[in-house]
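Source file: final36.txt; contents: compact mmCIF, C-alpha atoms.
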# COMPACT_ATOMS: atom_id res chain seq x y z
CA MET A 1 -71.55 -5.91 114.21
CA GLN A 2 -70.67 -2.30 113.55
CA GLN A 3 -73.85 -0.31 113.10
CA GLN A 4 -74.49 2.05 110.24
CA PHE A 5 -75.26 5.54 111.47
CA SER A 6 -77.07 8.05 109.34
CA SER A 7 -75.54 10.91 111.32
CA THR A 8 -72.01 11.70 112.50
CA LEU A 9 -73.42 13.56 115.51
CA LEU A 10 -75.33 10.46 116.52
CA GLU A 11 -72.32 8.23 115.94
CA ASN A 12 -70.07 10.49 118.03
CA ALA A 13 -72.52 10.52 120.91
CA VAL A 14 -72.90 6.73 120.81
CA ASN A 15 -69.11 6.36 120.79
CA GLU A 16 -68.82 8.61 123.83
CA PHE A 17 -71.44 6.70 125.81
CA ALA A 18 -69.95 3.35 124.80
CA LYS A 19 -66.70 4.39 126.54
CA LEU A 20 -68.46 4.27 129.92
CA PRO A 21 -67.90 1.07 131.90
CA GLY A 22 -70.59 -1.56 131.43
CA ILE A 23 -72.26 0.34 128.57
CA GLY A 24 -72.15 -1.46 125.24
CA ARG A 25 -72.98 0.02 121.86
CA LYS A 26 -76.63 -1.08 121.97
CA THR A 27 -77.21 0.48 125.37
CA ALA A 28 -75.27 3.57 124.28
CA LEU A 29 -77.61 3.98 121.31
CA ARG A 30 -80.65 3.57 123.54
CA LEU A 31 -79.36 6.24 125.94
CA VAL A 32 -78.50 8.64 123.12
CA LEU A 33 -81.91 8.24 121.48
CA HIS A 34 -83.44 8.92 124.89
CA LEU A 35 -81.44 12.15 125.19
CA LEU A 36 -82.63 13.17 121.72
CA LYS A 37 -86.24 13.02 122.91
CA GLN A 38 -85.56 15.27 125.90
CA PRO A 39 -85.91 19.08 125.85
CA GLU A 40 -82.73 20.89 124.77
CA GLU A 41 -82.31 22.53 128.22
CA ASP A 42 -82.34 19.14 129.94
CA VAL A 43 -79.61 17.77 127.70
CA GLU A 44 -77.57 20.93 128.22
CA LEU A 45 -77.95 20.51 131.96
CA PHE A 46 -76.83 16.89 131.66
CA GLY A 47 -73.74 17.72 129.64
CA ASN A 48 -72.77 20.75 131.69
CA THR A 49 -73.22 18.90 134.98
CA CYS A 50 -70.68 16.32 133.83
CA ILE A 51 -68.22 18.96 132.67
CA GLN A 52 -68.64 21.05 135.82
CA LEU A 53 -68.22 18.02 138.06
CA ARG A 54 -64.91 17.09 136.49
CA ARG A 55 -63.66 20.68 136.38
CA ASP A 56 -64.68 21.85 139.84
CA ILE A 57 -64.42 18.72 141.96
CA ARG A 58 -61.95 18.87 144.79
CA TYR A 59 -60.60 16.35 147.21
CA CYS A 60 -60.53 17.11 150.92
CA LYS A 61 -56.94 17.99 151.80
CA VAL A 62 -57.25 16.13 155.10
CA CYS A 63 -58.97 12.84 154.23
CA HIS A 64 -58.92 12.92 150.37
CA ASN A 65 -62.66 12.31 150.15
CA ILE A 66 -64.56 14.03 147.32
CA SER A 67 -65.56 17.49 148.44
CA ASP A 68 -66.87 20.83 147.15
CA THR A 69 -64.63 22.66 149.60
CA GLU A 70 -61.01 22.47 150.66
CA VAL A 71 -61.92 20.44 153.74
CA CYS A 72 -64.84 18.03 153.39
CA HIS A 73 -67.97 18.34 155.51
CA ILE A 74 -67.02 15.28 157.56
CA CYS A 75 -63.58 16.60 158.49
CA ALA A 76 -65.06 20.05 159.11
CA ASN A 77 -67.83 18.75 161.36
CA PRO A 78 -66.92 19.55 165.01
CA GLY A 79 -69.39 16.90 166.18
CA ARG A 80 -67.31 14.03 164.78
CA ASP A 81 -64.94 12.01 166.89
CA ARG A 82 -61.54 13.32 165.78
CA GLU A 83 -59.59 10.59 167.58
CA THR A 84 -60.74 7.78 165.30
CA VAL A 85 -59.78 7.47 161.63
CA CYS A 86 -61.32 4.85 159.36
CA VAL A 87 -59.07 3.93 156.41
CA VAL A 88 -60.98 3.02 153.24
CA GLU A 89 -60.07 2.37 149.61
CA ASN A 90 -62.28 4.87 147.86
CA VAL A 91 -65.04 7.45 147.98
CA LYS A 92 -67.76 4.82 147.57
CA ASP A 93 -66.60 3.10 150.76
CA VAL A 94 -66.95 6.36 152.70
CA MET A 95 -70.58 6.49 151.51
CA SER A 96 -71.16 2.85 152.48
CA VAL A 97 -69.85 3.40 156.01
CA GLU A 98 -71.73 6.71 156.34
CA ASN A 99 -74.96 5.00 155.28
CA THR A 100 -74.71 2.64 158.25
CA GLN A 101 -75.00 5.69 160.57
CA GLN A 102 -72.88 3.73 163.06
CA TYR A 103 -69.63 5.62 162.68
CA ARG A 104 -68.92 9.08 164.08
CA GLY A 105 -65.17 9.32 163.45
CA LEU A 106 -63.20 10.63 160.48
CA TYR A 107 -61.99 8.92 157.31
CA HIS A 108 -58.86 8.54 155.26
CA VAL A 109 -59.33 7.63 151.59
CA LEU A 110 -56.31 5.73 150.22
CA GLY A 111 -57.35 5.89 146.59
CA GLY A 112 -56.88 2.14 146.08
CA VAL A 113 -54.87 -0.74 147.50
CA ILE A 114 -51.30 -1.89 146.93
CA SER A 115 -51.37 -4.06 143.82
CA PRO A 116 -48.04 -4.80 142.12
CA MET A 117 -49.91 -6.58 139.30
CA ASP A 118 -51.64 -3.29 138.41
CA GLY A 119 -48.52 -1.25 139.07
CA VAL A 120 -49.94 0.36 142.22
CA GLY A 121 -47.34 0.79 144.94
CA PRO A 122 -47.53 2.44 148.38
CA LYS A 123 -46.32 5.74 146.86
CA ASP A 124 -49.40 5.89 144.62
CA LEU A 125 -51.70 5.80 147.63
CA GLU A 126 -52.35 8.24 150.46
CA ILE A 127 -50.41 6.16 152.98
CA GLU A 128 -47.62 8.65 153.68
CA SER A 129 -50.22 11.35 154.40
CA LEU A 130 -52.06 8.94 156.73
CA VAL A 131 -48.93 8.28 158.79
CA GLU A 132 -48.13 11.98 158.86
CA ARG A 133 -51.71 12.82 159.86
CA VAL A 134 -51.85 10.21 162.62
CA SER A 135 -48.54 11.33 164.11
CA ARG A 136 -49.46 15.04 163.89
CA GLU A 137 -53.05 14.91 165.17
CA HIS A 138 -54.37 13.28 168.32
CA VAL A 139 -55.56 10.10 166.66
CA LYS A 140 -56.05 7.26 169.12
CA GLU A 141 -57.47 4.57 166.84
CA VAL A 142 -57.10 3.69 163.18
CA ILE A 143 -59.75 1.33 161.79
CA LEU A 144 -58.64 -0.55 158.68
CA ALA A 145 -61.68 -1.16 156.45
CA LEU A 146 -60.14 -2.47 153.22
CA SER A 147 -61.28 -5.37 151.04
CA THR A 148 -60.36 -8.87 152.21
CA THR A 149 -58.46 -9.59 149.03
CA MET A 150 -54.78 -10.39 148.78
CA GLU A 151 -54.15 -6.75 147.85
CA GLY A 152 -56.30 -5.46 150.71
CA ASP A 153 -54.49 -7.68 153.22
CA THR A 154 -51.10 -6.57 151.88
CA THR A 155 -52.11 -2.93 152.23
CA ASN A 156 -53.48 -3.55 155.73
CA PHE A 157 -50.19 -5.10 156.78
CA TYR A 158 -48.12 -2.33 155.18
CA ILE A 159 -50.13 0.34 156.99
CA PHE A 160 -49.97 -1.66 160.23
CA ARG A 161 -46.17 -1.75 160.07
CA LYS A 162 -46.00 1.97 159.34
CA LEU A 163 -48.33 2.88 162.20
CA ALA A 164 -47.04 0.38 164.78
CA PRO A 165 -44.29 2.69 166.14
CA LEU A 166 -46.86 5.43 166.85
CA ASN A 167 -48.38 3.47 169.73
CA ILE A 168 -52.04 3.83 168.79
CA ARG A 169 -54.83 1.28 168.61
CA ILE A 170 -55.09 -0.34 165.18
CA THR A 171 -58.27 -2.30 164.50
CA THR A 172 -59.96 -3.88 161.51
CA ILE A 173 -63.68 -4.21 160.84
CA ALA A 174 -65.29 -7.49 161.96
CA ARG A 175 -65.55 -10.18 159.32
CA GLY A 176 -68.16 -12.87 159.84
CA VAL A 177 -71.40 -14.38 158.69
CA ALA A 178 -73.63 -11.56 157.41
CA ILE A 179 -76.82 -10.83 159.31
CA GLY A 180 -79.65 -12.84 157.72
CA ASP A 181 -77.29 -15.39 156.14
CA GLU A 182 -77.56 -19.08 156.93
CA LEU A 183 -74.50 -20.90 158.26
CA GLU A 184 -75.00 -23.61 155.63
CA TYR A 185 -74.14 -21.17 152.84
CA ALA A 186 -71.30 -19.29 154.55
CA ASP A 187 -67.83 -20.11 153.18
CA GLU A 188 -65.43 -21.94 155.51
CA ILE A 189 -62.96 -19.07 155.92
CA THR A 190 -65.64 -16.56 156.90
CA LEU A 191 -67.36 -19.01 159.26
CA GLY A 192 -64.03 -20.13 160.73
CA ARG A 193 -62.96 -16.55 161.36
CA SER A 194 -66.32 -15.66 162.86
CA ILE A 195 -65.92 -18.51 165.36
CA LEU A 196 -62.36 -17.47 166.28
CA ASN A 197 -63.42 -13.83 166.68
CA ARG A 198 -66.65 -14.63 168.56
CA VAL A 199 -68.04 -11.86 170.79
CA ASP A 200 -69.89 -11.96 174.12
CA PHE A 201 -73.57 -12.56 173.52
CA THR A 202 -74.57 -9.42 175.43
CA SER A 203 -72.19 -7.19 173.46
CA SER A 204 -73.68 -8.38 170.15
CA PHE A 205 -76.74 -6.21 170.84
CA LYS A 206 -74.78 -3.02 171.24
CA GLN A 207 -75.59 -0.44 168.65
CA MET B 1 -81.82 3.89 150.47
CA GLN B 2 -80.87 7.49 149.73
CA GLN B 3 -77.12 7.82 149.71
CA GLN B 4 -75.19 10.47 151.55
CA PHE B 5 -73.05 12.53 149.21
CA SER B 6 -70.11 14.53 150.41
CA SER B 7 -70.35 16.83 147.40
CA THR B 8 -73.23 18.64 145.71
CA LEU B 9 -71.43 18.43 142.37
CA LEU B 10 -71.24 14.67 142.72
CA GLU B 11 -74.86 14.43 143.81
CA ASN B 12 -76.04 16.55 140.86
CA ALA B 13 -74.12 14.42 138.39
CA VAL B 14 -75.49 11.20 139.89
CA ASN B 15 -79.02 12.63 139.72
CA GLU B 16 -78.53 13.50 136.04
CA PHE B 17 -77.26 10.03 135.14
CA ALA B 18 -80.02 8.36 137.16
CA LYS B 19 -82.59 10.05 134.87
CA LEU B 20 -81.40 7.93 131.94
CA PRO B 21 -83.53 4.86 131.21
CA GLY B 22 -82.30 1.66 132.86
CA ILE B 23 -79.70 3.49 134.97
CA GLY B 24 -80.31 3.26 138.72
CA ARG B 25 -78.58 5.32 141.38
CA LYS B 26 -75.85 2.74 142.01
CA THR B 27 -74.95 2.50 138.34
CA ALA B 28 -75.15 6.29 138.05
CA LEU B 29 -72.62 6.64 140.87
CA ARG B 30 -70.33 4.11 139.22
CA LEU B 31 -70.47 6.00 135.91
CA VAL B 32 -69.88 9.37 137.57
CA LEU B 33 -66.89 8.08 139.54
CA HIS B 34 -65.53 6.70 136.27
CA LEU B 35 -65.86 10.13 134.64
CA LEU B 36 -64.03 11.67 137.60
CA LYS B 37 -61.03 9.48 136.87
CA GLN B 38 -60.86 10.54 133.20
CA PRO B 39 -58.83 13.49 131.91
CA GLU B 40 -60.71 16.79 131.98
CA GLU B 41 -60.67 17.08 128.14
CA ASP B 42 -62.33 13.69 127.77
CA VAL B 43 -65.17 14.62 130.10
CA GLU B 44 -65.58 17.94 128.30
CA LEU B 45 -65.78 16.06 125.01
CA PHE B 46 -68.39 13.74 126.50
CA GLY B 47 -70.56 16.57 127.80
CA ASN B 48 -70.23 18.72 124.70
CA THR B 49 -70.96 15.81 122.37
CA CYS B 50 -74.30 15.28 124.14
CA ILE B 51 -75.17 18.98 124.02
CA GLN B 52 -74.13 19.34 120.40
CA LEU B 53 -76.08 16.26 119.37
CA ARG B 54 -79.31 17.57 120.85
CA ARG B 55 -78.76 21.10 119.54
CA ASP B 56 -77.63 20.34 116.00
CA ILE B 57 -79.46 17.15 115.14
CA ARG B 58 -81.83 17.35 112.21
CA TYR B 59 -84.38 15.03 110.74
CA CYS B 60 -84.42 14.29 107.02
CA LYS B 61 -87.26 16.31 105.52
CA VAL B 62 -88.13 13.43 103.18
CA CYS B 63 -88.02 10.31 105.38
CA HIS B 64 -87.70 11.82 108.91
CA ASN B 65 -84.64 9.73 109.69
CA ILE B 66 -81.93 11.31 111.87
CA SER B 67 -79.56 13.25 109.67
CA ASP B 68 -76.80 15.85 109.77
CA THR B 69 -78.15 17.43 106.62
CA GLU B 70 -81.54 18.54 105.33
CA VAL B 71 -81.92 15.34 103.32
CA CYS B 72 -80.39 12.18 104.80
CA HIS B 73 -77.66 10.23 103.02
CA ILE B 74 -80.06 7.41 102.16
CA CYS B 75 -82.60 9.70 100.49
CA ALA B 76 -79.77 11.61 98.79
CA ASN B 77 -78.10 8.45 97.44
CA PRO B 78 -78.85 8.17 93.70
CA GLY B 79 -77.97 4.47 93.82
CA ARG B 80 -80.97 3.58 95.99
CA ASP B 81 -84.20 2.22 94.53
CA ARG B 82 -86.52 5.24 94.75
CA GLU B 83 -89.64 3.24 93.91
CA THR B 84 -89.70 1.27 97.15
CA VAL B 85 -90.36 2.82 100.57
CA CYS B 86 -90.00 0.84 103.80
CA VAL B 87 -92.17 2.22 106.62
CA VAL B 88 -90.62 1.80 110.08
CA GLU B 89 -91.42 3.03 113.57
CA ASN B 90 -88.16 4.70 114.51
CA VAL B 91 -84.55 5.50 113.71
CA LYS B 92 -83.31 2.27 115.31
CA ASP B 93 -85.39 0.22 112.89
CA VAL B 94 -83.76 1.99 109.93
CA MET B 95 -80.38 0.89 111.32
CA SER B 96 -81.61 -2.68 111.82
CA VAL B 97 -82.81 -2.95 108.22
CA GLU B 98 -79.67 -1.23 106.88
CA ASN B 99 -77.50 -3.69 108.81
CA THR B 100 -79.05 -6.61 106.90
CA GLN B 101 -77.60 -5.11 103.66
CA GLN B 102 -80.58 -6.68 101.89
CA TYR B 103 -82.57 -3.52 101.23
CA ARG B 104 -81.74 -0.91 98.60
CA GLY B 105 -84.90 1.20 98.74
CA LEU B 106 -85.81 4.27 100.78
CA TYR B 107 -87.38 4.61 104.25
CA HIS B 108 -90.15 6.47 105.96
CA VAL B 109 -89.84 6.88 109.74
CA LEU B 110 -93.26 7.23 111.40
CA GLY B 111 -91.94 8.24 114.82
CA GLY B 112 -94.04 5.60 116.62
CA VAL B 113 -97.25 3.65 116.19
CA ILE B 114 -100.89 4.54 116.78
CA SER B 115 -101.54 3.92 120.47
CA PRO B 116 -104.69 5.45 121.97
CA MET B 117 -103.58 4.22 125.43
CA ASP B 118 -100.48 6.43 125.21
CA GLY B 119 -102.40 9.25 123.53
CA VAL B 120 -100.66 8.74 120.18
CA GLY B 121 -103.02 9.25 117.24
CA PRO B 122 -102.39 9.23 113.47
CA LYS B 123 -101.82 13.01 113.54
CA ASP B 124 -98.82 12.57 115.87
CA LEU B 125 -97.09 10.35 113.34
CA GLU B 126 -95.63 10.97 109.89
CA ILE B 127 -98.53 9.22 108.14
CA GLU B 128 -99.93 12.25 106.30
CA SER B 129 -96.47 12.99 104.89
CA LEU B 130 -96.13 9.34 103.80
CA VAL B 131 -99.38 9.46 101.83
CA GLU B 132 -98.40 12.79 100.33
CA ARG B 133 -94.93 11.47 99.46
CA VAL B 134 -96.24 8.27 97.87
CA SER B 135 -98.79 10.13 95.73
CA ARG B 136 -96.26 12.80 94.67
CA GLU B 137 -93.25 10.60 93.87
CA HIS B 138 -93.09 7.52 91.71
CA VAL B 139 -93.35 5.00 94.53
CA LYS B 140 -94.41 1.57 93.35
CA GLU B 141 -94.20 -0.41 96.60
CA VAL B 142 -94.60 0.40 100.26
CA ILE B 143 -93.22 -2.21 102.68
CA LEU B 144 -94.79 -2.06 106.14
CA ALA B 145 -92.18 -3.11 108.72
CA LEU B 146 -93.86 -2.25 112.04
CA SER B 147 -93.98 -4.31 115.24
CA THR B 148 -96.48 -7.16 115.37
CA THR B 149 -98.23 -5.70 118.38
CA MET B 150 -101.84 -4.59 118.53
CA GLU B 151 -100.66 -1.00 117.98
CA GLY B 152 -98.42 -2.01 115.09
CA ASP B 153 -101.23 -3.92 113.41
CA THR B 154 -103.62 -1.00 113.90
CA THR B 155 -101.10 1.36 112.34
CA ASN B 156 -100.46 -1.06 109.46
CA PHE B 157 -104.18 -1.21 108.75
CA TYR B 158 -104.61 2.57 109.01
CA ILE B 159 -101.78 3.15 106.54
CA PHE B 160 -103.09 0.40 104.28
CA ARG B 161 -106.49 2.11 104.07
CA LYS B 162 -104.89 5.48 103.36
CA LEU B 163 -102.65 4.10 100.60
CA ALA B 164 -105.17 1.68 99.02
CA PRO B 165 -106.65 4.31 96.62
CA LEU B 166 -103.18 5.10 95.22
CA ASN B 167 -102.99 1.77 93.44
CA ILE B 168 -99.49 0.73 94.52
CA ARG B 169 -98.19 -2.54 95.91
CA ILE B 170 -98.38 -2.71 99.70
CA THR B 171 -96.40 -5.49 101.39
CA THR B 172 -95.37 -6.41 104.88
CA ILE B 173 -92.15 -8.12 105.99
CA ALA B 174 -92.35 -11.91 106.32
CA ARG B 175 -93.11 -13.23 109.78
CA GLY B 176 -92.07 -16.75 110.59
CA VAL B 177 -89.78 -19.01 112.54
CA ALA B 178 -86.41 -17.28 112.91
CA ILE B 179 -83.41 -18.86 111.21
CA GLY B 180 -81.70 -21.18 113.71
CA ASP B 181 -84.81 -21.54 115.90
CA GLU B 182 -86.33 -24.95 116.57
CA LEU B 183 -89.99 -25.53 115.71
CA GLU B 184 -90.57 -26.96 119.17
CA TYR B 185 -89.98 -23.55 120.74
CA ALA B 186 -91.78 -21.38 118.19
CA ASP B 187 -95.10 -19.96 119.37
CA GLU B 188 -98.27 -21.23 117.66
CA ILE B 189 -99.17 -17.95 115.97
CA THR B 190 -95.73 -17.51 114.41
CA LEU B 191 -95.52 -21.15 113.33
CA GLY B 192 -99.11 -21.09 112.02
CA ARG B 193 -98.46 -17.96 110.00
CA SER B 194 -95.18 -19.33 108.64
CA ILE B 195 -97.08 -22.39 107.34
CA LEU B 196 -99.80 -20.30 105.73
CA ASN B 197 -97.21 -17.99 104.13
CA ARG B 198 -94.89 -20.78 103.02
CA VAL B 199 -92.58 -20.04 100.08
CA ASP B 200 -91.28 -22.22 97.24
CA PHE B 201 -88.23 -24.15 98.41
CA THR B 202 -86.08 -22.79 95.61
CA SER B 203 -86.97 -19.17 96.33
CA SER B 204 -85.98 -19.55 99.99
CA PHE B 205 -82.30 -19.46 98.92
CA LYS B 206 -82.63 -16.14 97.16
CA GLN B 207 -80.56 -13.41 98.72
What do you get writing this file as structure tokens?
Amino acid sequence: MQQQFSSTLLENAVNEFAKLPGIGRKTALRLVLHLLKQPEEDVELFGNTCIQLRRDIRYCKVCHNISDTEVCHICANPGRDRETVCVVENVKDVMSVENTQQYRGLYHVLGGVISPMDGVGPKDLEIESLVERVSREHVKEVILALSTTMEGDTTNFYIFRKLAPLNIRITTIARGVAIGDELEYADEITLGRSILNRVDFTSSFKQ
Amino acid sequence: MQQQFSSTLLENAVNEFAKLPGIGRKTALRLVLHLLKQPEEDVELFGNTCIQLRRDIRYCKVCHNISDTEVCHICANPGRDRETVCVVENVKDVMSVENTQQYRGLYHVLGGVISPMDGVGPKDLEIESLVERVSREHVKEVILALSTTMEGDTTNFYIFRKLAPLNIRITTIARGVAIGDELEYADEITLGRSILNRVDFTSSFKQ
């Protein structure tokens, strides 16, 4: 039911919040009433931080990750392994891989996956720049770390075909039963693939 | 786990969103990445709407409801019954009662309930102004519509004592088994009270 607002300012703010994904009108109202109780400086900081983010954000010209500078701090870090590039869908995936602290190479953010249903073709993604980058720089391995959806697999295969002539190693992250999971609850495809792609017992301890 | 951000702008925005009630860091990141995908004007509108709301919001000087003007549109409406005042805790409760479209009187927003545990005493609420308003204007009935918590009951009783000498009708909203609920699942106190406060069958159809 449409709520009655006693104030246009309030109504506008609720409308703005309700545009955010996963925020309904009730939650929007709760958030707005919370903001109203905060000191004016805090709300100004909140609003200006959003505006500044959108206005000043840049994307690394090498890997297309979010960055404050022209080249992101991962690409600019001389300590990273420059011969390995991990291809991911989006900025969140870079964070997920970084949080594992197991990867010392560089990234390449595609900006999505090929999805004809959503009107996303190879030209809408950073695939051309990946191929160009791999052929220009001394990249020895490209790790494909996309979702295991139909779209992810399509994109993987498209990239694989594009990179195949360059004679580099192309790998994909291991899929298998997650650590801590019980076999009983693993789906057949995951369990089947984890049996096919089994690894030597001793190598499973490698960090 | 603390996430690694590749951008200070992004981190600041996530921190700001994570301050909102019920928004964790993961949700905050999701919302911020959503904002990043929106046109710059839209994000500016979002930020400025929040700032403007906090800066320009006013509270009705009569009933303390949120308002764009000195006197809110409910208090200023000559069609409303000026002899009945419904006392509620907050702005949200005004909306809830308005949404029923069953009430044509005025409101008085207390701004909370008496809660010694949270350090909220009668002086922190708009109780004095209620008493003053009732004695000054021709109010014939005050409806107490506070929560049925210990604090709500305490506040009800405090207001009741303050208003008792003014010789007006003081009522409270009916508590009982909600429409559509089954008796089996109603709690004993609610069901007990709804039996004690039973109404004539014919009057239960009145709108």
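The two atoms in question, CA of Thr171 in chain A and CA of Cys86 in chain A, are spaced 9.3 Å apart.
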Please, which residues of chain A lie no more than 8 Å from chain B when the count uses only C-alpha atoms, and can they be set out as a CSV table (one decimal) with C-alpha atoms, keeping the file's coordinate frame?
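File iface_24.csv, as written:
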chain,number,residue,atom,x,y,z
A,3,GLN,CA,-73.8,-0.3,113.1
A,4,GLN,CA,-74.5,2.0,110.2
A,5,PHE,CA,-75.3,5.5,111.5
A,6,SER,CA,-77.1,8.0,109.3
A,7,SER,CA,-75.5,10.9,111.3
A,8,THR,CA,-72.0,11.7,112.5
A,9,LEU,CA,-73.4,13.6,115.5
A,10,LEU,CA,-75.3,10.5,116.5
A,12,ASN,CA,-70.1,10.5,118.0
A,13,ALA,CA,-72.5,10.5,120.9
A,16,GLU,CA,-68.8,8.6,123.8
A,17,PHE,CA,-71.4,6.7,125.8
A,20,LEU,CA,-68.5,4.3,129.9
A,21,PRO,CA,-67.9,1.1,131.9
A,31,LEU,CA,-79.4,6.2,125.9
A,32,VAL,CA,-78.5,8.6,123.1
A,34,HIS,CA,-83.4,8.9,124.9
A,35,LEU,CA,-81.4,12.2,125.2
A,36,LEU,CA,-82.6,13.2,121.7
A,40,GLU,CA,-82.7,20.9,124.8
A,43,VAL,CA,-79.6,17.8,127.7
A,44,GLU,CA,-77.6,20.9,128.2
A,46,PHE,CA,-76.8,16.9,131.7
A,47,GLY,CA,-73.7,17.7,129.6
A,48,ASN,CA,-72.8,20.8,131.7
A,49,THR,CA,-73.2,18.9,135.0
A,50,CYS,CA,-70.7,16.3,133.8
A,51,ILE,CA,-68.2,19.0,132.7
A,52,GLN,CA,-68.6,21.0,135.8
A,53,LEU,CA,-68.2,18.0,138.1
A,54,ARG,CA,-64.9,17.1,136.5
A,55,ARG,CA,-63.7,20.7,136.4
A,56,ASP,CA,-64.7,21.8,139.8
A,57,ILE,CA,-64.4,18.7,142.0
A,65,ASN,CA,-62.7,12.3,150.2
A,66,ILE,CA,-64.6,14.0,147.3
A,67,SER,CA,-65.6,17.5,148.4
A,68,ASP,CA,-66.9,20.8,147.2
A,72,CYS,CA,-64.8,18.0,153.4
A,73,HIS,CA,-68.0,18.3,155.5
A,74,ILE,CA,-67.0,15.3,157.6
A,95,MET,CA,-70.6,6.5,151.5
A,98,GLU,CA,-71.7,6.7,156.3
A,99,ASN,CA,-75.0,5.0,155.3
For the atom pair CA of Asp93 in chain A and CA of Thr148 in chain A, what is the interatomic distance in Å to one decimal place?
->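 Interatomic distance here is 13.6 Å.
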List the neighbours of range 76-82 of chain A out to 8 Å using all atoms listed in the file; skip same-chain residues closer than 2 positions along the sequence, and give me the result as a PyMOL selection string.
-> chain A and resi 71-74+84-85+104-106+138-139
Name the residues in contact with range 177-190 of chain A at a cut-off of 12 Å, using only C-alpha atoms, excluding same-chain residues fewer than 5 positions from it; report them as a CSV table (one decimal) with C-alpha atoms, keeping the file's coordinate frame.
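Below you can see result.csv, which holds the result:
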chain,number,residue,atom,x,y,z
A,148,THR,CA,-60.4,-8.9,152.2
A,195,ILE,CA,-65.9,-18.5,165.4
A,196,LEU,CA,-62.4,-17.5,166.3
A,197,ASN,CA,-63.4,-13.8,166.7
A,198,ARG,CA,-66.6,-14.6,168.6
A,204,SER,CA,-73.7,-8.4,170.2
